[in-house]
$ cat coords_14.cif   # mmCIF, C-alpha atoms and all ligand atoms
data_data
#
loop_
_atom_site.label_atom_id
_atom_site.label_comp_id
_atom_site.auth_asym_id
_atom_site.auth_seq_id
_atom_site.Cartn_x
_atom_site.Cartn_y
_atom_site.Cartn_z
CA MET A 1184 -23.78 6.90 1.97
CA GLU A 1185 -22.30 8.59 -1.04
CA VAL A 1186 -18.82 8.41 -2.52
CA ARG A 1187 -17.11 11.10 -4.54
CA GLN A 1188 -13.69 10.78 -6.12
CA LEU A 1189 -11.50 13.72 -5.25
CA ASN A 1190 -8.40 13.47 -7.37
CA VAL A 1191 -5.95 10.90 -8.55
CA HIS A 1192 -2.72 11.66 -6.83
CA THR A 1193 0.10 10.35 -8.95
CA GLN A 1194 0.80 10.09 -12.65
CA SER A 1195 0.29 6.37 -13.04
CA ASN A 1196 -3.06 5.68 -11.37
CA MET A 1197 -1.27 4.32 -8.36
CA ALA A 1198 -3.35 6.17 -5.80
CA ILE A 1199 -6.87 7.41 -5.27
CA ARG A 1200 -8.50 9.85 -2.89
CA PHE A 1201 -12.20 9.82 -2.36
CA LEU A 1202 -14.76 11.29 -0.04
CA ILE A 1203 -17.36 9.16 1.70
CA THR A 1204 -20.23 11.20 3.02
CA ASN A 1205 -22.93 10.19 5.45
CA THR A 1206 -20.83 7.47 7.01
CA ASN A 1207 -18.95 6.97 10.25
CA PRO A 1208 -15.36 6.27 11.35
CA SER A 1209 -16.02 2.64 12.20
CA PHE A 1210 -17.05 1.88 8.64
CA ALA A 1211 -13.98 3.60 7.22
CA ASN A 1212 -11.77 1.74 9.66
CA THR A 1213 -13.40 -1.58 8.78
CA LEU A 1214 -12.63 -0.93 5.15
CA ARG A 1215 -9.06 0.04 5.97
CA ARG A 1216 -8.41 -3.03 8.05
CA ILE A 1217 -9.93 -5.36 5.48
CA ILE A 1218 -7.74 -3.87 2.77
CA LEU A 1219 -4.66 -4.35 4.93
CA ALA A 1220 -5.42 -7.81 6.20
CA TYR A 1221 -7.74 -9.65 3.81
CA VAL A 1222 -7.47 -8.48 0.21
CA PRO A 1223 -5.42 -11.27 -1.37
CA THR A 1224 -2.47 -10.63 -3.65
CA LEU A 1225 0.21 -12.77 -5.22
CA ALA A 1226 3.77 -12.90 -3.92
CA ILE A 1227 6.71 -15.24 -4.05
CA ASP A 1228 6.55 -17.45 -1.00
CA GLU A 1229 8.96 -20.28 -1.58
CA VAL A 1230 12.32 -20.16 -3.32
CA ILE A 1231 14.23 -23.24 -4.38
CA ILE A 1232 17.86 -22.30 -4.79
CA ILE A 1233 19.53 -24.69 -7.18
CA GLU A 1234 22.84 -22.92 -7.33
CA ASN A 1235 24.03 -19.75 -5.67
CA THR A 1236 27.69 -18.76 -5.62
CA LEU A 1237 26.95 -15.11 -4.91
CA ALA A 1238 28.28 -13.12 -2.00
CA LEU A 1239 24.67 -12.60 -0.95
CA PHE A 1240 23.26 -15.58 0.84
CA ASP A 1241 20.11 -17.52 -0.09
CA GLU A 1242 17.77 -16.08 2.53
CA PHE A 1243 18.69 -12.55 1.56
CA ILE A 1244 17.77 -13.18 -2.07
CA ALA A 1245 14.59 -15.04 -1.15
CA HIS A 1246 13.48 -12.18 1.06
CA ARG A 1247 14.03 -9.62 -1.68
CA LEU A 1248 12.18 -11.76 -4.21
CA GLY A 1249 9.22 -12.01 -1.86
CA LEU A 1250 8.87 -8.24 -1.66
CA ILE A 1251 8.56 -7.73 -5.40
CA PRO A 1252 4.93 -7.00 -6.28
CA LEU A 1253 3.54 -9.35 -8.91
CA ASN A 1254 0.50 -8.67 -11.04
CA SER A 1255 -2.32 -10.17 -8.96
CA ASP A 1256 -5.30 -9.25 -11.09
CA ILE A 1257 -5.87 -12.89 -12.01
CA GLU A 1258 -7.93 -15.86 -10.95
CA LEU A 1259 -5.92 -18.24 -8.81
CA ASN A 1260 -7.05 -20.68 -6.14
CA ASP A 1261 -6.09 -20.22 -2.55
CA ILE A 1262 -3.52 -22.91 -1.77
CA ALA A 1263 -5.06 -23.80 1.59
CA THR A 1264 -8.45 -24.62 0.07
CA CYS A 1265 -7.31 -25.86 -3.35
CA GLU A 1266 -9.29 -28.98 -4.20
CA GLN A 1267 -6.89 -30.28 -6.80
CA CYS A 1268 -3.78 -30.62 -4.70
CA GLU A 1269 -4.85 -30.39 -1.04
CA GLY A 1270 -2.31 -27.77 -0.18
CA ASN A 1271 0.70 -29.21 -1.94
CA GLY A 1272 0.72 -26.68 -4.74
CA CYS A 1273 -0.43 -27.21 -8.31
CA ASN A 1274 -1.03 -25.16 -11.44
CA ALA A 1275 -4.37 -23.96 -10.19
CA CYS A 1276 -2.98 -22.38 -7.03
CA THR A 1277 0.70 -21.57 -7.56
CA VAL A 1278 2.83 -19.95 -10.23
CA THR A 1279 6.44 -20.87 -10.79
CA LEU A 1280 8.98 -18.23 -11.68
CA ARG A 1281 12.55 -18.84 -12.73
CA LEU A 1282 15.72 -16.84 -12.57
CA THR A 1283 19.02 -17.87 -14.10
CA GLN A 1284 22.05 -15.64 -14.38
CA GLU A 1285 25.72 -16.18 -14.89
CA THR A 1286 28.65 -13.80 -15.04
CA ASP A 1287 31.97 -14.27 -16.79
CA SER A 1288 35.36 -13.40 -15.34
CA LYS A 1289 35.26 -9.76 -16.41
CA THR A 1290 31.93 -8.15 -15.65
CA ASN A 1291 29.71 -7.44 -12.70
CA LEU A 1292 26.01 -7.67 -13.25
CA MET A 1293 22.97 -6.23 -11.58
CA VAL A 1294 20.01 -8.59 -11.69
CA TYR A 1295 16.68 -6.82 -12.11
CA SER A 1296 13.11 -7.96 -11.61
CA LYS A 1297 12.62 -7.99 -15.39
CA ASP A 1298 15.03 -10.98 -15.55
CA ILE A 1299 12.46 -13.14 -13.79
CA ILE A 1300 10.78 -15.55 -16.20
CA SER A 1301 7.29 -16.60 -15.31
CA ASP A 1302 5.45 -19.77 -16.30
CA ASN A 1303 2.16 -17.91 -16.42
CA PHE A 1304 2.01 -15.01 -18.87
CA GLU A 1305 -0.41 -13.13 -16.64
CA VAL A 1306 1.95 -13.16 -13.70
CA TYR A 1307 4.92 -10.85 -13.95
CA PRO A 1308 6.67 -8.31 -11.73
CA VAL A 1309 4.76 -5.05 -12.14
CA ASN A 1310 7.95 -3.12 -11.81
CA ASP A 1311 10.76 -3.98 -14.20
CA GLU A 1312 13.61 -2.03 -12.66
CA ILE A 1313 13.78 -3.39 -9.12
CA PRO A 1314 17.36 -4.50 -8.45
CA ILE A 1315 17.32 -7.91 -6.81
CA MET A 1316 21.02 -8.60 -6.34
CA LYS A 1317 24.39 -7.75 -7.70
CA MET A 1318 26.69 -10.43 -9.06
CA GLY A 1319 30.45 -10.32 -9.03
CA GLN A 1320 32.73 -12.07 -11.48
CA ASP A 1321 32.43 -15.76 -12.20
CA GLN A 1322 29.31 -16.24 -10.20
CA ARG A 1323 26.22 -18.24 -10.90
CA LEU A 1324 22.64 -18.16 -9.74
CA ILE A 1325 19.89 -20.60 -10.62
CA LEU A 1326 16.65 -20.53 -8.72
CA GLU A 1327 13.01 -21.38 -8.93
CA ALA A 1328 10.42 -19.40 -7.04
CA VAL A 1329 6.87 -20.38 -6.22
CA ALA A 1330 4.33 -17.60 -5.90
CA ARG A 1331 0.97 -18.04 -4.24
CA MET A 1332 -1.99 -16.02 -3.08
CA GLY A 1333 -1.90 -14.77 0.46
CA ASN A 1334 -3.10 -11.89 2.59
CA GLY A 1335 -1.62 -9.29 4.89
CA ARG A 1336 -2.41 -11.28 8.01
CA GLU A 1337 0.26 -13.77 7.02
CA HIS A 1338 3.00 -11.44 5.88
CA ALA A 1339 3.21 -7.78 4.93
CA LYS A 1340 4.45 -8.68 1.45
CA TRP A 1341 0.87 -9.67 0.59
CA GLN A 1342 -0.56 -6.30 1.51
CA PRO A 1343 -1.98 -4.68 -1.61
CA THR A 1344 -1.33 -1.10 -0.49
CA SER A 1345 1.67 0.90 0.59
CA SER A 1346 -0.06 3.79 2.27
CA LEU A 1347 -3.63 3.74 3.26
CA GLY A 1348 -5.62 5.96 5.56
CA TYR A 1349 -8.51 8.27 6.15
CA GLN A 1350 -9.15 11.59 7.76
CA PHE A 1351 -12.21 13.52 8.79
CA MET A 1352 -13.54 16.31 6.65
CA PRO A 1353 -12.21 19.66 7.93
CA ILE A 1354 -14.64 22.43 8.78
CA ILE A 1355 -12.88 25.77 8.90
CA ASN A 1356 -14.62 28.78 10.34
CA VAL A 1357 -13.05 32.17 9.89
CA LYS A 1358 -14.47 34.85 12.17
CA SER A 1359 -16.21 37.31 9.88
CA GLY A 1360 -15.42 41.01 10.11
CA HIS A 1361 -12.12 40.33 11.84
CA LYS A 1362 -8.85 41.74 10.52
CA PHE A 1363 -6.05 39.23 10.06
CA ASN A 1364 -2.43 39.62 9.09
CA LYS A 1365 -0.48 37.75 6.46
CA GLN A 1366 1.34 35.44 8.90
CA VAL A 1367 -1.89 33.54 9.45
CA ALA A 1368 -2.00 32.41 5.83
CA ASP A 1369 1.72 31.69 5.85
CA SER A 1370 1.48 29.54 8.97
CA CYS A 1371 -0.61 26.93 7.18
CA PRO A 1372 1.67 24.09 6.07
CA ARG A 1373 -0.76 22.92 3.37
CA ASP A 1374 -1.54 26.31 1.76
CA VAL A 1375 -5.20 26.02 2.62
CA LEU A 1376 -5.58 29.66 3.60
CA THR A 1377 -4.97 32.69 1.39
CA TYR A 1378 -4.61 36.26 2.47
CA ASN A 1379 -6.79 38.95 0.95
CA LYS A 1380 -4.72 42.11 1.08
CA GLU A 1381 -7.48 44.66 0.45
CA ASN A 1382 -9.91 43.56 3.11
CA GLN A 1383 -7.30 41.98 5.38
CA THR A 1384 -9.31 38.80 5.48
CA ILE A 1385 -8.52 35.14 5.16
CA ASP A 1386 -10.03 33.02 2.41
CA ILE A 1387 -10.23 29.26 2.28
CA GLN A 1388 -8.82 28.17 -1.01
CA ASN A 1389 -8.10 24.50 -0.82
CA LEU A 1390 -10.19 22.98 1.95
CA LEU A 1391 -9.50 19.33 1.18
CA ALA A 1392 -5.75 19.76 1.61
CA CYS A 1393 -6.15 20.67 5.28
CA ASN A 1394 -4.67 18.06 7.60
CA LEU A 1395 -6.32 19.41 10.78
CA CYS A 1396 -3.00 20.47 12.31
CA GLN A 1397 -4.63 23.41 14.18
CA GLU A 1398 -1.70 25.72 13.52
CA CYS A 1399 -4.01 28.48 12.22
CA VAL A 1400 -6.15 28.12 15.34
CA HIS A 1401 -3.22 28.64 17.69
CA ILE A 1402 -1.75 31.56 15.82
CA THR A 1403 -5.05 33.47 15.73
CA ASN A 1404 -6.15 32.61 19.26
CA ASN A 1405 -9.35 30.90 18.09
CA ASP A 1406 -10.39 33.57 15.60
CA ILE A 1407 -10.20 30.73 13.13
CA THR A 1408 -11.58 27.40 14.28
CA VAL A 1409 -10.93 24.06 12.67
CA ASP A 1410 -13.26 21.16 13.41
CA ALA A 1411 -13.48 17.68 11.99
CA ASP A 1412 -16.69 16.11 10.73
CA PRO A 1413 -16.61 12.36 11.45
CA ARG A 1414 -19.57 11.79 9.15
CA GLN A 1415 -17.57 12.80 6.10
CA ILE A 1416 -14.40 10.86 5.58
CA ILE A 1417 -11.60 11.42 3.11
CA PHE A 1418 -10.06 8.07 2.22
CA TYR A 1419 -6.67 7.62 0.62
CA VAL A 1420 -5.49 4.38 -0.99
CA GLU A 1421 -2.16 3.87 -2.67
CA THR A 1422 -1.36 0.55 -4.32
CA THR A 1423 1.98 -1.19 -4.59
CA GLY A 1424 1.05 -2.07 -8.17
CA ALA A 1425 -0.08 -5.62 -7.46
CA LEU A 1426 -3.74 -4.70 -7.93
CA PRO A 1427 -5.40 -1.60 -9.41
CA VAL A 1428 -6.67 0.72 -6.67
CA GLU A 1429 -10.28 0.39 -7.78
CA THR A 1430 -10.08 -3.39 -7.50
CA ILE A 1431 -8.62 -3.16 -4.01
CA ILE A 1432 -11.51 -1.06 -2.79
CA THR A 1433 -14.29 -3.06 -4.43
CA LYS A 1434 -12.72 -6.31 -3.28
CA SER A 1435 -12.52 -5.11 0.30
CA ALA A 1436 -16.23 -4.29 0.27
CA GLU A 1437 -16.97 -7.71 -1.21
CA ILE A 1438 -14.98 -9.39 1.54
CA LEU A 1439 -16.88 -7.40 4.14
CA GLU A 1440 -20.17 -8.53 2.62
CA GLU A 1441 -18.95 -12.11 2.56
CA LYS A 1442 -18.03 -11.95 6.21
CA ALA A 1443 -21.38 -10.42 7.15
CA ASN A 1444 -23.23 -13.13 5.22
CA GLU A 1445 -21.12 -15.82 6.83
CA PHE A 1446 -22.03 -14.44 10.22
CA ILE A 1447 -25.73 -14.33 9.37
CA GLU A 1448 -25.66 -17.94 8.22
CA SER A 1449 -23.93 -19.24 11.29
CA PHE A 1450 -26.12 -17.16 13.53
CA GLN A 1451 -29.24 -18.57 11.95
CA LYS A 1452 -27.82 -22.03 12.25
CA ALA A 1453 -27.20 -21.43 15.92
CA LEU A 1454 -30.78 -20.33 16.38
CA GLU A 1455 -31.95 -23.39 14.52
CA ASP A 1456 -29.78 -25.72 16.59
CA TYR A 1457 -30.96 -24.38 19.92
CA LYS A 1458 -34.59 -23.91 18.93
CA ASP A 1459 -35.83 -26.61 21.24
CA ASP A 1460 -33.38 -25.84 23.97
CA PRO A 1461 -35.36 -24.84 27.08
CA ARG A 1462 -32.53 -22.58 28.17
CA LEU A 1463 -33.13 -20.37 25.18
CA ARG A 1464 -36.15 -18.42 26.29
CA ARG A 1465 -36.67 -16.03 23.42
CA LYS A 1466 -37.16 -17.43 20.00
CA VAL A 1467 -36.04 -15.28 17.12
CA SER A 1468 -37.79 -16.41 14.02
CA THR A 1469 -36.79 -13.79 11.48
CA PHE A 1470 -33.50 -12.13 10.97
CA GLU A 1471 -33.15 -9.37 8.48
CA ARG A 1472 -30.24 -9.19 6.16
CA VAL A 1473 -27.91 -6.31 6.79
CA SER A 1474 -27.26 -4.47 3.59
CA LEU A 1475 -24.08 -2.46 3.24
CA ASP A 1476 -26.08 0.74 2.71
CA ASP A 1477 -27.19 0.73 6.32
CA VAL A 1478 -23.80 0.28 7.88
CA MET B 768 24.20 -3.11 1.57
CA ILE B 769 21.91 -2.93 -1.46
CA ILE B 770 18.91 -0.64 -1.68
CA PRO B 771 15.90 -2.25 0.09
CA VAL B 772 13.05 -3.23 -2.22
CA ARG B 773 10.49 -1.38 -0.16
CA CYS B 774 10.35 1.49 2.24
CA LEU B 775 10.79 -0.02 5.70
CA THR B 776 7.98 2.08 7.14
CA CYS B 777 5.22 2.18 4.55
CA GLY B 778 6.01 -0.52 1.98
CA PHE B 779 6.33 1.80 -1.01
CA ILE B 780 8.58 0.38 -3.75
CA VAL B 781 11.77 2.44 -3.56
CA ALA B 782 14.37 0.11 -5.10
CA ASP B 783 13.66 1.08 -8.70
CA LYS B 784 13.98 4.77 -7.90
CA TYR B 785 17.47 4.64 -6.48
CA LYS B 786 19.35 4.47 -9.77
CA PRO B 787 17.42 7.33 -11.43
CA PHE B 788 18.10 9.36 -8.30
CA LEU B 789 21.84 8.70 -8.46
CA ASP B 790 21.90 9.45 -12.18
CA GLY B 791 20.06 12.70 -11.58
CA ILE B 792 22.49 13.73 -8.85
CA GLU B 793 25.38 12.90 -11.18
CA LYS B 794 23.94 15.15 -13.87
CA GLY B 795 23.61 17.97 -11.40
CA GLU B 796 20.72 19.70 -13.14
CA LYS B 797 18.25 19.23 -10.35
CA SER B 798 18.49 19.35 -6.59
CA ALA B 799 17.95 16.24 -4.49
CA LYS B 800 14.60 17.62 -3.37
CA GLU B 801 13.33 18.07 -6.91
CA LEU B 802 14.55 14.62 -7.90
CA LEU B 803 12.77 12.96 -5.00
CA ASP B 804 9.58 14.84 -5.82
CA ASP B 805 9.79 13.82 -9.48
CA LEU B 806 10.26 10.20 -8.53
CA GLY B 807 7.01 10.27 -6.56
CA LEU B 808 8.63 9.90 -3.15
CA TYR B 809 6.43 12.35 -1.31
CA LYS B 810 6.56 10.76 2.15
CA VAL B 811 9.46 11.39 4.53
CA CYS B 812 9.87 7.68 5.25
CA CYS B 813 10.49 6.85 1.60
CA ARG B 814 12.74 9.85 1.04
CA ARG B 815 15.09 8.81 3.82
CA MET B 816 15.38 5.33 2.30
CA ILE B 817 16.97 6.90 -0.77
CA ILE B 818 18.95 9.65 0.91
CA ALA B 819 20.42 7.49 3.67
CA GLN B 820 21.36 4.55 1.47
CA VAL B 821 25.01 3.45 1.47
CA ASP B 822 25.75 0.91 -1.24
CA LEU B 823 28.12 -1.55 0.40
CA VAL B 824 27.34 -4.41 -1.96
CA ASP B 825 30.30 -3.55 -4.22
CA ILE B 826 32.71 -4.18 -1.35
CA ILE B 827 31.51 -7.72 -0.69
CA LEU B 828 31.05 -8.68 -4.35
CA PRO B 829 34.32 -10.64 -4.77
CA TYR B 830 33.65 -12.82 -1.71
CA SER B 831 31.66 -15.59 -3.30
CA LYS B 832 31.03 -18.98 -1.83
CA ASP B 833 33.79 -20.94 -3.49
S1 LIG C 1 -5.59 23.24 10.47
FE1 LIG C 1 -3.50 23.32 9.67
S2 LIG C 1 -3.70 22.62 7.54
FE2 LIG C 1 -5.78 23.13 8.24
S3 LIG C 1 -6.06 25.25 7.60
FE3 LIG C 1 -5.30 25.34 9.70
S4 LIG C 1 -3.07 25.53 9.48
FE4 LIG C 1 -3.87 24.86 7.49
ZN ZN C 2 -3.58 -26.50 -5.88
ZN ZN C 3 7.70 5.16 3.02
#
$ encode --input "coords_14.cif" --output "structure tokens"
Amino acid sequence: MEVRQLNVHTQSNMAIRFLITNTNPSFANTLRRIILAYVPTLAIDEVIIIENTLALFDEFIAHRLGLIPLNSDIELNDIATCEQCEGNGCNACTVTLRLTQETDSKTNLMVYSKDIISDNFEVYPVNDEIPIMKMGQDQRLILEAVARMGNGREHAKWQPTSSLGYQFMPIINVKSGHKFNKQVADSCPRDVLTYNKENQTIDIQNLLACNLCQECVHITNNDITVDADPRQIIFYVETTGALPVETIITKSAEILEEKANEFIESFQKALEDYKDDPRLRRKVSTFERVSLDDV
Amino acid sequence: MIIPVRCLTCGFIVADKYKPFLDGIEKGEKSAKELLDDLGLYKVCCRRMIIAQVDLVDIILPYSKD
């Protein structure tokens, strides 16, 4: 297996595109599902509303607060397994954030995510300009929010990515010696094909942009063929900002390794437990560790 | 009501891009398409969040709880 970075999509390192060669779709899908479901991030989970005289009701505000991505590149215990507090919440597993706003009798006010004050300097909304709510005149809002680590299996607000996917590597074959017209190049929605006017041929200019739509195949009646190579996979990850993209990917692989090791351990324990069981005919004495390179 | 924090389909943060979009439209220098591209909203699902938004929050503002 070999990985090659293709290009960083947006200005602010929010997305990455890379090519995995010598792999298979099941591995790419495993990675994708682990990123979606198991990579932990931080999000507001509980909101204690002390005072709210806004036109927007409590649940509405709490829901919007939950969706704001917080910087999750920190060490924080998982609340369910926290040894210090047994799931009640403490400094080692939760972060408290506060929001207090008041308006006078003349002005309206938009409350932004930058108005949130955090107890932990490492935890802050990654995006300062997210409007949370709008306040009318003479209104007051005091709240305390508790953020904790969670994963996408619990709620989508803990998912580290916004769009995430993979596609197979396109293999485009243009029939050699055949004369094409310009419409063929124009039919491609991704500008993969260019038209060579002198020889009336089609060149492939930007292979990795192809999305396998088969439009060029239909318009030329199979004089161009487009196939997909499932052993080479183009992976695309775009973060919400909670975690850097590189961290998301490395963490997902770590979680996969952890799960594989956990399985090996319990499998060996099962073998050990039933060693003397007469029903178990075949005794497996050695069990080789699966390394990620062989997946 | 008020612009949703995230795109309903993909989870991209769209709330912070609504005001720059409105400001850009107000200025009139760029088309809506160019503005959306500049703001990094390259997926159709996120673009419709911005385009189809109707800000009704101003209407309900005076109706507070007391
Ligand atoms: S399959 Fe679609 S995207 Fe790919 S080259 Fe043909 S027309 Fe372009
Ligand atoms: Zn704790
Ligand atoms: Zn979207």
$ interface_residues --input "coords_14.cif" --of "chain B" --to "chain A" --cutoff "7 Å" --atoms "only C-alpha atoms" --output "list of chain:residue names"
B:Val772, B:Cys777, B:Gly778, B:Phe779, B:Ile780, B:Ala782, B:Asp783, B:Ile827, B:Leu828, B:Pro829, B:Tyr830, B:Ser831, B:Lys832, B:Asp833
$ residues_near_ligand --input "coords_14.cif" --ligand "ligand ZN 3 (chain C)" --cutoff "10 Å" --atoms "only C-alpha atoms and all ligand atoms" --output "short mmCIF file (atom, residue, chain, number, x, y, z; two decimals) with C-alpha atoms, in the frame of the given file"
data_model
loop_
_atom_site.label_atom_id
_atom_site.label_comp_id
_atom_site.auth_asym_id
_atom_site.auth_seq_id
_atom_site.Cartn_x
_atom_site.Cartn_y
_atom_site.Cartn_z
CA SER A 1345 1.67 0.90 0.59
CA SER A 1346 -0.06 3.79 2.27
CA ARG B 773 10.49 -1.38 -0.16
CA CYS B 774 10.35 1.49 2.24
CA LEU B 775 10.79 -0.02 5.70
CA THR B 776 7.98 2.08 7.14
CA CYS B 777 5.22 2.18 4.55
CA GLY B 778 6.01 -0.52 1.98
CA PHE B 779 6.33 1.80 -1.01
CA ILE B 780 8.58 0.38 -3.75
CA VAL B 781 11.77 2.44 -3.56
CA LEU B 808 8.63 9.90 -3.15
CA TYR B 809 6.43 12.35 -1.31
CA LYS B 810 6.56 10.76 2.15
CA VAL B 811 9.46 11.39 4.53
CA CYS B 812 9.87 7.68 5.25
CA CYS B 813 10.49 6.85 1.60
CA ARG B 814 12.74 9.85 1.04
CA ARG B 815 15.09 8.81 3.82
CA MET B 816 15.38 5.33 2.30
#
$ axis_aligned_box --input "coords_14.cif" --around "segment 782-787 of chain B" --padding-each-side "6 Å" --output "AutoDock Vina command-line options"
--center_x 16.5 --center_y 3.7 --center_z -8.3 --size_x 17.7 --size_y 19.2 --size_z 18.3
$ residues_near_ligand --input "coords_14.cif" --ligand "ligand ZN 2 (chain C)" --cutoff "9 Å" --atoms "all atoms listed in the file" --output "list of chain:residue names"
A:Asn1260, A:Asp1261, A:Ile1262, A:Ala1263, A:Thr1264, A:Cys1265, A:Glu1266, A:Gln1267, A:Cys1268, A:Glu1269, A:Gly1270, A:Asn1271, A:Gly1272, A:Cys1273, A:Asn1274, A:Ala1275, A:Cys1276, A:Thr1277
$ residues_near_ligand --input "coords_14.cif" --ligand "ligand LIG 1 (chain C)" --cutoff "8 Å" --atoms "all atoms listed in the file" --output "list in words"
Pro1353, Ile1355, Ala1368, Ser1370, Cys1371, Pro1372, Arg1373, Asp1374, Val1375, Leu1376, Ile1387, Leu1390, Ala1392, Cys1393, Asn1394, Leu1395, Cys1396, Gln1397, Glu1398, Cys1399, Val1400 and Val1409 of chain A
$ closest_residue --input "coords_14.cif" --among "A:Thr1433, A:Gln1415, A:Gln1284, A:Thr1279" --to "Ile1231 of chain A" --atoms "only C-alpha atoms"
A:Thr1279
$ atom_distance --input "coords_14.cif" --atom1 "atom CA of Ile1300 of chain A" --atom2 "atom CA of Pro1223 of chain A"
22.4 Å
$ residues_around --input "coords_14.cif" --residues "Glu801 of chain B" --least-positions-apart "5" --cutoff "12 Å" --atoms "only C-alpha atoms" --output "list in words"
Phe788, Gly791, Ile792, Gly795, Glu796, Leu806, Gly807, Leu808, Tyr809 and Arg814 of chain B
$ atom_distance --input "coords_14.cif" --atom1 "atom CA of Ile826 of chain B" --atom2 "atom CA of Lys1289 of chain A"
16.3 Å
$ atom_distance --input "coords_14.cif" --atom1 "atom CA of Gln1350 of chain A" --atom2 "atom CA of Ile1416 of chain A"
5.7 Å
$ closest_residue --input "coords_14.cif" --among "A:Ile1244, A:Pro1413, A:Lys1365, A:Arg1216" --to "Ile769 of chain B" --atoms "only C-alpha atoms"
A:Ile1244
